[in-house]
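Accompanying notes for the structure given below.
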Amino acid sequence: MPRKNTPDSALGTFGGVFTPSILTILGIILFLRLGYVVGSSGLVKALAIILLANAISVLTTFSVSAIATNFRVKGGGVYYLISRTLGLRYGGSIGVVLFLAQSVSIGFYCVGFAEALMAIVGNDNARLVQAIAVFAVLGLFWLAWRGAHVANRAQYIVMAVLAAAILSFVAGALGQWDGGLLARNIHQPAQSPPFWILFAIFFPAVTGFTQGVAMSGDLRDPGKSIPRGTFLAVGVSIVIYVSLAILFAASGSNETLAGDYGAMRSIAAAGWLIDVGVVAATLSSALASFLGAPRILQSLAGDRIFPLLHWFAQGAGPSRNPRRGVGLSCAIALSVVALGNLNTIAPVVSMFFLVSYGLVNYATYFEATAASPSFRPTFRWYNRHLSLIGMFACLGVAMAIDTWSAIIAIAILAAIFQYLKARGSAARWADSRRAFYLKQVRENLLAASREVEHARDWRPHILAFSDSPARRAGLLRFASWVEGGSGLTTVVRVLEGEGVRMLKLREAALEEMNKELKQYETNAFPMVIAAPSFEAALPIVVQAAGTGPISINTVLANWIEGRSGLAGEWASDRFGRRLRTAFRLGSNLLILHAEQDEWDALEKVPASERVIDIWWQADKTGQMMVLLAYLMTRSEEWSNATIRVVVPAQIERAQSHLDEVKSILTAARIEAETELAAYADSDSIVTHSAGASIVFFQFGIREGHIIDPFGNDVSNILPDLPMVVMSMAAQDVDLDAQPDEGVAAQSAALLDRVSDVRKRAALAQQQADEAAAAAGRAVSELTEAATGGAVRERLDKLRKDVDAAQQQAQEAARRSVLAAGRREVAERAARDAGLDLPER
């Protein structure tokens with residue numbers, strides 16, 4: 001359940017949400033443009049415009065209510081909802097433009113107030129209009145500076161004035177009600193503006209329903225007040241607009257309504273109340289924006305997204321009234337008044353509101369789609385598909401109203417988004433993106449597990465063992481190279497020991513490793529294991545690491561650090577036994593030998609001059625080394641490197657062996673040079689590859705010691721080589737795997753065989769049945785002939801036919817039995833392969 005704000009002065013549903021929302025909705029459009037829309041479009045289309053515009057309000061209110069009741073909503077309203085759901089970049093983008101849009105709107109509304117006031121007194125002096133607008137801005141500034149409670153008391157007065165004006169119109173319209181006129185005004189008159197032009201004129205009337213949401217930080221209980229107050233404001237406004245549209249159609253002709261913006265004043269029982277209502281409507285909308293904009297800025301500044309805005313996070317008094325933001329909004333509004341004609345940017349400002357509603361709907365849909373266990377809104381009448389419809393409705397309406405303004409508004413948002421992305425600011429709160437990613441991981445893992453594994457899908461999933469922080473960075477850097485952007489790496493540290501103390505040590509080690517990985521800027525996942533010994537942990541980790549179809553297939557380790565004497569012998573023997581254990585459990589092995597001077601030497605070699613040497617072996621290790629070398633060239637550091645496959649000299653068939661390697665590389669579509677080594681011995685590795693950047697060769701394990709491809713102790717040649725990757729493959733790596741090969745193709749062929757055998761068995765059974773039927777007919781004819789006293793020739797012929805039919809039936813039965821046996825064999829083989837057979 002969302003928690004409540006504690007200050008005693010916090011606002012309730014009516015004063016904090018309903019009042020600012022309804023006052024903004026019942027604005028200047030109601031008094032000066034509703035009659036025009038009805039007269040220009042006819043009553044039916046006018047009602048369609050009203051309901052379509054309010055449909056966006058209703059759909060967005062569903063979304064707002066779901067998010068607002070899922071967590072505690074603090075100050076910032078729509079900005080806070082979007083930022084805590086979609087993240088810092090979306091939130092920061094919409095926060096800036098919403099603040100500017102609402103601040104600019106203050107100036108617009110105050111200019112509108114001044115123009116309405118001057119129209120009442122019959123004066124159109126532009127300078128006087130600006131002067132009155134400035135005084136209006138300053139008066140509203142004083143109310144907003146005092147705080148939301150003082151401003152709200154002023155809003156109650158405005159609400160009373162609006163109510164009196166609306167009642168005055170209702171009374172006058174009912175007194176002039178004409179049913180015949182209503183019937184004539186139902187349809188759109190000729191030569192009227194298109195539907196979407198009229199919709200664009202009316203739509204700003206419904207954009208104020210989130211003004212109450214902007215007061216979220218001042219609410220006593222946002223989780224209850226926001227849904228109730230917003231729905232109430234939207235519902236009441238729909239009733240008012242629909243009712244007044246009908247009254248307009250029944251009290252004035254279409255021509256009159258379309259030609260006179262002041263038709264409401266002419267129809268009302270007391271026309272002066274409409275004038276007062278127009279003035280009150282503009283001031284109420286301006287005041288609502290004066291309350292909302294600074295609170296968005298304060299919340300944005302408090303989140304420390306933009307360094308220049310930090311100063312505006314400070315609030316005054318127990319309610320943290322954002323006076324600094326009020327001052328900035330006042331300055332922006334005064335600038336708007338001073339500039340005068342802003343018709344060019346007015347449509348773009350309106351689009352910012354519409355885009356923000358679309359993002360609210362998307363944020364709610366995103367939150368619900370992530371299926372996070374934490375998404376538990378107390379608002380029960382919510383469905384994520386409503387949010388999706390609301391998002392597309394906002395986008396469609398924006399494009400229909402003014403395509404270029406919509407594009408400009410979206411482009412501005414995108415520019416701010418890219419700026420925040422480029423800055424790379426660290427996340428300051430938890431949003432829904434991680435939950436969404438985890439949902440995608442789950443769905444993709446389940447989907448991958450349902451597909452048949454194929455050799456084309458092989459990629460290195462690496463388990464990197466490292467207990468040395470000093471050497472871990474290099475190991476993980478190498479792992480990122482051979483991943484090739486397709487594999488995954490998990491770095492493992494094993495803590496040897498027992499007891500509760502090990503749990504605390506493990507937690508501390510995991511935290512330390514997480515910090516290291518962030519420092520290295522690597523994509524590896526950390527794992528820390530507490531076990532009685534490394535030997536006890538190793539087989540469990542190698543077998544259990546991974547999830548579903550993603551299982552570890554390669555173990556990576558640094559070469560043992562230099563030791564001499566008996567300690568070195570023990571270390572080497574233990575290292576070899578550990579490697580053999582991982583190999584026997586089906587893991588490929590990679591041992592990286594890279595001293596600091598070798599890393600330093602590598603850094604000095606330009607990327608285009610780097611060489612990857614592979615000492616070829618005609619087995620699965622050779623193919624794995626070639627594939628890993630190719631994957632290295634996917635990384636930026638090795639993108640222009642040369643792969644060189646070195647074939648050890650074979651006295652009997654050296655050239656043919658080299659040609660075989662070339663054909664393998666060609667079939668595998670891997671660009672590499674091939675060379676023939678002069679000798680097939682350990683010294684030739686040093687002679688040939690000392691100038692390479694990195695060297696791959698196969699190793700073996702003999703009596704716990706690591707040996708090179710030629711059976712000699714590998715430690716004899718390592719000091720004379722650059723960076724070395726010793727490799728041993730436990731799994732087949734097919735460099736030329738084709739789509740129509742593998743388990744899927746074999747399974748399909750087996751299923752086809754089962755189907756074919758079933759058909760042959762059914763045909764044999766049918767033939768047997770037909771032969772048996774023929775034999776039966778022959779016997780019947782023989783019996784009939786004997787009974788009827790037919791001649792002997794006829795009897796002899798029938799006996800022969802019977803014998804032939806019985807022989808055919810026996811042969812058909814024998815074939816049916818054989819076919820059934822083959823069918824059973826094929827079906828058993830298919831079931832052993834784990835295939836689901838169709839029903840017979």
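Ligands are numbered from 1 in the order shown, residues from 1 within each chain, and chains are lettered A, B, ... in the order they appear in the structure tokens.
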**Message:** If we count only C-alpha atoms and set the cut-off at 6 Å, which residues sit around stretch 28-37 of chain A, ignoring sequence neighbours fewer than 6 positions away in its own chain? Please answer as a PyMOL selection string.
**Reply:** chain A and resi 205+257-258+261+281
Writing out the chosen residues with C-alpha atoms as a short mmCIF file (atom, residue, chain, number, x, y, z; two decimals), in the first residue's frame:
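Output (part-v3.cif):
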data_model
loop_
_atom_site.label_atom_id
_atom_site.label_comp_id
_atom_site.auth_asym_id
_atom_site.auth_seq_id
_atom_site.Cartn_x
_atom_site.Cartn_y
_atom_site.Cartn_z
CA ALA A 205 -9.76 21.67 -23.12
CA LEU A 257 -22.75 29.42 -33.04
CA ALA A 258 -20.07 29.11 -35.74
CA TYR A 261 -17.32 33.11 -30.30
CA ALA A 281 -11.13 30.41 -16.33
#
**Message:** With only C-alpha atoms as the counted atoms, please give the residues lying no more than 10 Å from A:Phe113, apart from itself and same-chain residues fewer than 5 positions off, as a PyMOL selection string.
**Reply:** chain A and resi 28+107-108+118-119+129+132-133+136+278-284+286
**Message:** I'd like the neighbourhood of stretch 451-464 of chain A as a ChimeraX atom specification, where a residue qualifies if any of its atoms comes within 10 Å (using only C-alpha atoms), though same-chain residues fewer than 5 positions away should be ignored.
**Reply:** /A:446,472,475-476,479-480,482-493,524-527,541-542,545-546,549-558,587-591,624,627-628,631,732-745,747
Could you write those residues out with C-alpha atoms, as a PDB file, in the first residue's frame?
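This is the output file out_9.pdb:
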ATOM      1  CA  LEU A 446      12.151 -20.835 -22.408  1.00  0.00           C
ATOM      2  CA  ARG A 472      41.878 -10.973 -13.024  1.00  0.00           C
ATOM      3  CA  LEU A 475      41.929 -12.727 -17.782  1.00  0.00           C
ATOM      4  CA  LEU A 476      38.564 -11.017 -18.207  1.00  0.00           C
ATOM      5  CA  ALA A 479      37.546 -13.555 -22.130  1.00  0.00           C
ATOM      6  CA  SER A 480      35.774 -10.568 -23.663  1.00  0.00           C
ATOM      7  CA  VAL A 482      36.991 -14.712 -27.344  1.00  0.00           C
ATOM      8  CA  GLU A 483      33.325 -14.131 -26.469  1.00  0.00           C
ATOM      9  CA  GLY A 484      33.101 -12.311 -29.778  1.00  0.00           C
ATOM     10  CA  GLY A 485      29.953 -10.501 -28.681  1.00  0.00           C
ATOM     11  CA  SER A 486      28.037 -13.775 -28.602  1.00  0.00           C
ATOM     12  CA  GLY A 487      29.149 -15.694 -25.508  1.00  0.00           C
ATOM     13  CA  LEU A 488      28.986 -15.081 -21.775  1.00  0.00           C
ATOM     14  CA  THR A 489      31.618 -15.076 -19.052  1.00  0.00           C
ATOM     15  CA  THR A 490      31.219 -15.884 -15.371  1.00  0.00           C
ATOM     16  CA  VAL A 491      34.256 -15.162 -13.209  1.00  0.00           C
ATOM     17  CA  VAL A 492      34.554 -17.492 -10.218  1.00  0.00           C
ATOM     18  CA  ARG A 493      36.428 -17.141  -6.972  1.00  0.00           C
ATOM     19  CA  ALA A 524      31.366 -10.717 -16.904  1.00  0.00           C
ATOM     20  CA  PHE A 525      29.092 -12.009 -14.144  1.00  0.00           C
ATOM     21  CA  PRO A 526      30.590 -12.533 -10.677  1.00  0.00           C
ATOM     22  CA  MET A 527      30.368 -15.748  -8.666  1.00  0.00           C
ATOM     23  CA  VAL A 541      30.483 -25.387 -10.194  1.00  0.00           C
ATOM     24  CA  VAL A 542      31.423 -26.771 -13.618  1.00  0.00           C
ATOM     25  CA  ALA A 545      26.830 -23.085 -13.621  1.00  0.00           C
ATOM     26  CA  GLY A 546      24.358 -21.695 -16.132  1.00  0.00           C
ATOM     27  CA  PRO A 549      20.008 -23.831 -22.465  1.00  0.00           C
ATOM     28  CA  ILE A 550      22.886 -21.576 -21.364  1.00  0.00           C
ATOM     29  CA  SER A 551      25.386 -23.908 -19.737  1.00  0.00           C
ATOM     30  CA  ILE A 552      29.112 -23.558 -19.246  1.00  0.00           C
ATOM     31  CA  ASN A 553      31.156 -25.159 -22.039  1.00  0.00           C
ATOM     32  CA  THR A 554      34.605 -23.616 -21.515  1.00  0.00           C
ATOM     33  CA  VAL A 555      36.830 -23.248 -18.439  1.00  0.00           C
ATOM     34  CA  LEU A 556      39.399 -20.445 -18.511  1.00  0.00           C
ATOM     35  CA  ALA A 557      42.273 -19.982 -16.075  1.00  0.00           C
ATOM     36  CA  ASN A 558      45.516 -18.076 -15.793  1.00  0.00           C
ATOM     37  CA  SER A 587      34.393 -28.555 -20.507  1.00  0.00           C
ATOM     38  CA  ASN A 588      36.795 -27.142 -23.045  1.00  0.00           C
ATOM     39  CA  LEU A 589      39.955 -25.796 -21.430  1.00  0.00           C
ATOM     40  CA  LEU A 590      41.796 -22.529 -22.063  1.00  0.00           C
ATOM     41  CA  ILE A 591      44.931 -21.512 -20.147  1.00  0.00           C
ATOM     42  CA  MET A 624      37.930 -24.661 -31.628  1.00  0.00           C
ATOM     43  CA  LEU A 627      36.787 -20.330 -34.176  1.00  0.00           C
ATOM     44  CA  LEU A 628      38.038 -18.532 -31.051  1.00  0.00           C
ATOM     45  CA  LEU A 631      35.689 -14.420 -32.605  1.00  0.00           C
ATOM     46  CA  ASP A 732      33.015 -30.949 -31.015  1.00  0.00           C
ATOM     47  CA  VAL A 733      33.111 -27.563 -32.731  1.00  0.00           C
ATOM     48  CA  ASP A 734      31.843 -27.813 -36.314  1.00  0.00           C
ATOM     49  CA  LEU A 735      33.192 -24.926 -38.382  1.00  0.00           C
ATOM     50  CA  ASP A 736      31.044 -25.816 -41.397  1.00  0.00           C
ATOM     51  CA  ALA A 737      27.762 -26.765 -39.738  1.00  0.00           C
ATOM     52  CA  GLN A 738      24.871 -26.503 -42.193  1.00  0.00           C
ATOM     53  CA  PRO A 739      21.232 -25.705 -41.336  1.00  0.00           C
ATOM     54  CA  ASP A 740      19.923 -29.004 -42.733  1.00  0.00           C
ATOM     55  CA  GLU A 741      22.311 -31.047 -40.605  1.00  0.00           C
ATOM     56  CA  GLY A 742      22.260 -31.949 -36.938  1.00  0.00           C
ATOM     57  CA  VAL A 743      19.704 -33.308 -34.510  1.00  0.00           C
ATOM     58  CA  ALA A 744      16.762 -31.438 -36.024  1.00  0.00           C
ATOM     59  CA  ALA A 745      17.430 -32.868 -39.488  1.00  0.00           C
ATOM     60  CA  SER A 747      14.793 -36.159 -36.086  1.00  0.00           C
TER      61      SER A 747
END
**Item:** Every residue of stretch 48-251 of chain A that DSSP places in alpha helix (DSSP H), as a ChimeraX atom specification
**Value:** /A:48-68,78-86,88-121,126-146,148-175,179-184,195-202,222-251
**Message:** Report as a PyMOL selection string all protein, DNA and RNA residues lying within 10 Å of A:Leu438, evaluated on only C-alpha atoms, omitting residues in the same chain fewer than 4 positions from it.
**Reply:** chain A and resi 370-372+433-434+442-444
**Fill in**
Using only C-alpha atoms, the shortest atom-to-atom distance to A:Arg577 among A:Phe534, A:Thr364, A:Gly122, A:Gln766 belongs to A:Phe534
**Prompt:** In Å to one decimal, how far is atom CA of A:Gly271 from atom CA of A:Leu143?
**Reply:**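 Result for atom CA of A:Leu143 versus atom CA of A:Gly271: 28.8 Å, one decimal.
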**Request:** Show which residues sit within 12 Å of A:Ser251, as a PyMOL selection string. Count only C-alpha atoms, and ignore same-chain residues fewer than 2 positions away.
**Result:** chain A and resi 35+38-39+169-185+244-249+253-257+263-264+266-268
Could the residues in this selection be saved with N, CA and C atoms as a JSON list (two decimals), in the first residue's frame?
[["chain", "number", "residue", "atom", "x", "y", "z"],
["A", 35, "GLY", "N", -19.13, 26.44, -28.29],
["A", 35, "GLY", "CA", -20.23, 26.79, -29.19],
["A", 35, "GLY", "C", -19.79, 26.77, -30.64],
["A", 38, "VAL", "N", -19.60, 23.15, -31.85],
["A", 38, "VAL", "CA", -20.94, 22.59, -32.08],
["A", 38, "VAL", "C", -21.54, 23.16, -33.36],
["A", 39, "GLY", "N", -21.44, 24.47, -33.56],
["A", 39, "GLY", "CA", -22.02, 25.07, -34.76],
["A", 39, "GLY", "C", -21.30, 24.66, -36.02],
["A", 169, "PHE", "N", -25.54, 30.07, -17.91],
["A", 169, "PHE", "CA", -25.75, 29.62, -19.30],
["A", 169, "PHE", "C", -26.82, 28.54, -19.35],
["A", 170, "VAL", "N", -26.79, 27.60, -18.40],
["A", 170, "VAL", "CA", -27.80, 26.53, -18.40],
["A", 170, "VAL", "C", -29.20, 27.12, -18.28],
["A", 171, "ALA", "N", -29.35, 28.10, -17.39],
["A", 171, "ALA", "CA", -30.66, 28.71, -17.20],
["A", 171, "ALA", "C", -31.13, 29.40, -18.48],
["A", 172, "GLY", "N", -30.23, 30.16, -19.11],
["A", 172, "GLY", "CA", -30.60, 30.85, -20.35],
["A", 172, "GLY", "C", -30.90, 29.87, -21.47],
["A", 173, "ALA", "N", -30.12, 28.79, -21.60],
["A", 173, "ALA", "CA", -30.33, 27.82, -22.68],
["A", 173, "ALA", "C", -31.64, 27.06, -22.50],
["A", 174, "LEU", "N", -31.95, 26.67, -21.27],
["A", 174, "LEU", "CA", -33.21, 25.97, -21.02],
["A", 174, "LEU", "C", -34.39, 26.89, -21.34],
["A", 175, "GLY", "N", -34.25, 28.18, -21.05],
["A", 175, "GLY", "CA", -35.32, 29.11, -21.36],
["A", 175, "GLY", "C", -35.52, 29.28, -22.86],
["A", 176, "GLN", "N", -34.48, 29.02, -23.66],
["A", 176, "GLN", "CA", -34.58, 29.17, -25.12],
["A", 176, "GLN", "C", -34.63, 27.83, -25.84],
["A", 177, "TRP", "N", -34.88, 26.77, -25.11],
["A", 177, "TRP", "CA", -34.85, 25.41, -25.69],
["A", 177, "TRP", "C", -35.80, 25.32, -26.88],
["A", 178, "ASP", "N", -35.32, 24.78, -27.99],
["A", 178, "ASP", "CA", -36.10, 24.60, -29.21],
["A", 178, "ASP", "C", -35.79, 23.23, -29.78],
["A", 179, "GLY", "N", -36.75, 22.29, -29.63],
["A", 179, "GLY", "CA", -36.52, 20.93, -30.12],
["A", 179, "GLY", "C", -36.30, 20.86, -31.61],
["A", 180, "GLY", "N", -37.03, 21.68, -32.38],
["A", 180, "GLY", "CA", -36.83, 21.69, -33.82],
["A", 180, "GLY", "C", -35.45, 22.18, -34.20],
["A", 181, "LEU", "N", -34.99, 23.21, -33.51],
["A", 181, "LEU", "CA", -33.64, 23.72, -33.76],
["A", 181, "LEU", "C", -32.60, 22.66, -33.43],
["A", 182, "LEU", "N", -32.83, 21.92, -32.36],
["A", 182, "LEU", "CA", -31.92, 20.83, -31.98],
["A", 182, "LEU", "C", -31.83, 19.79, -33.10],
["A", 183, "ALA", "N", -32.99, 19.44, -33.67],
["A", 183, "ALA", "CA", -33.00, 18.45, -34.74],
["A", 183, "ALA", "C", -32.25, 18.97, -35.97],
["A", 184, "ARG", "N", -32.40, 20.27, -36.29],
["A", 184, "ARG", "CA", -31.71, 20.83, -37.45],
["A", 184, "ARG", "C", -30.20, 20.95, -37.23],
["A", 185, "ASN", "N", -29.79, 21.08, -35.97],
["A", 185, "ASN", "CA", -28.36, 21.25, -35.67],
["A", 185, "ASN", "C", -27.60, 19.94, -35.47],
["A", 244, "LEU", "N", -23.55, 20.85, -22.05],
["A", 244, "LEU", "CA", -23.52, 22.19, -22.62],
["A", 244, "LEU", "C", -23.54, 22.15, -24.15],
["A", 245, "ALA", "N", -22.93, 21.11, -24.74],
["A", 245, "ALA", "CA", -22.98, 20.98, -26.21],
["A", 245, "ALA", "C", -24.43, 20.79, -26.67],
["A", 246, "ILE", "N", -25.19, 19.97, -25.95],
["A", 246, "ILE", "CA", -26.59, 19.76, -26.30],
["A", 246, "ILE", "C", -27.39, 21.05, -26.13],
["A", 247, "LEU", "N", -27.12, 21.78, -25.04],
["A", 247, "LEU", "CA", -27.82, 23.04, -24.81],
["A", 247, "LEU", "C", -27.48, 24.07, -25.88],
["A", 248, "PHE", "N", -26.23, 24.10, -26.32],
["A", 248, "PHE", "CA", -25.86, 25.00, -27.41],
["A", 248, "PHE", "C", -26.69, 24.68, -28.67],
["A", 249, "ALA", "N", -26.76, 23.36, -28.99],
["A", 249, "ALA", "CA", -27.48, 22.96, -30.21],
["A", 249, "ALA", "C", -28.96, 23.24, -30.13],
["A", 253, "SER", "N", -28.68, 28.56, -33.60],
["A", 253, "SER", "CA", -28.47, 27.89, -34.89],
["A", 253, "SER", "C", -26.98, 27.64, -35.12],
["A", 254, "ASN", "N", -26.70, 26.69, -36.00],
["A", 254, "ASN", "CA", -25.31, 26.39, -36.34],
["A", 254, "ASN", "C", -24.59, 27.62, -36.87],
["A", 255, "GLU", "N", -25.29, 28.40, -37.69],
["A", 255, "GLU", "CA", -24.67, 29.59, -38.26],
["A", 255, "GLU", "C", -24.29, 30.58, -37.17],
["A", 256, "THR", "N", -25.20, 30.78, -36.20],
["A", 256, "THR", "CA", -24.93, 31.71, -35.11],
["A", 256, "THR", "C", -23.77, 31.25, -34.25],
["A", 257, "LEU", "N", -23.79, 29.97, -33.91],
["A", 257, "LEU", "CA", -22.75, 29.42, -33.04],
["A", 257, "LEU", "C", -21.38, 29.46, -33.72],
["A", 263, "ALA", "N", -21.15, 33.43, -28.31],
["A", 263, "ALA", "CA", -22.54, 32.97, -28.30],
["A", 263, "ALA", "C", -23.00, 32.57, -26.90],
["A", 264, "MET", "N", -22.11, 32.06, -26.07],
["A", 264, "MET", "CA", -22.50, 31.67, -24.72],
["A", 264, "MET", "C", -23.01, 32.87, -23.94],
["A", 266, "SER", "N", -24.50, 35.48, -25.17],
["A", 266, "SER", "CA", -25.81, 35.87, -25.70],
["A", 266, "SER", "C", -26.92, 34.97, -25.18],
["A", 267, "ILE", "N", -26.60, 33.70, -24.97],
["A", 267, "ILE", "CA", -27.62, 32.74, -24.54],
["A", 267, "ILE", "C", -27.82, 32.78, -23.03],
["A", 268, "ALA", "N", -26.76, 33.08, -22.26],
["A", 268, "ALA", "CA", -26.84, 33.00, -20.80],
["A", 268, "ALA", "C", -27.88, 33.95, -20.22]]
**Message:** So that I can check the surroundings of A:Gly12, please list as a ChimeraX atom specification every protein, DNA and RNA residue that reaches within 12 Å of it, counting only C-alpha atoms and ignoring chain neighbours fewer than 6 positions away.
**Reply:** /A:4-5,18-20,148-149,152,212,215-226,228-229
**Message:** Counting only C-alpha atoms, which residue out of A:Phe379, A:Trp145, A:Tyr109, A:Trp481 sits closest to A:Arg320?
**Reply:** A:Trp145
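The closest residue to A:His385, picked from A:Leu59, A:Val500, A:Ala448, A:Ala411 and counting only C-alpha atoms, is A:Leu59.
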**Asked** What does the distance from atom CA of A:Val242 to atom CA of A:Phe14 come to in Å, to one decimal?
**Response**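 The value is 22.7 Å.
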**Request:** Mind listing the strand (DSSP E or B) residues of stretch 473-661 of chain A, per DSSP on the backbone, as number ranges by chain?
**Result:** A: 488-496, 525-531, 546-547, 550-551, 554-558, 588-593, 611-615, 642-647
**Pick from A:Val73, A:Ala53, A:Leu328, A:Val134 nearest to A:Phe209, counting only C-alpha atoms** =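 The shortest atom-to-atom distance to A:Phe209 comes from A:Ala53.
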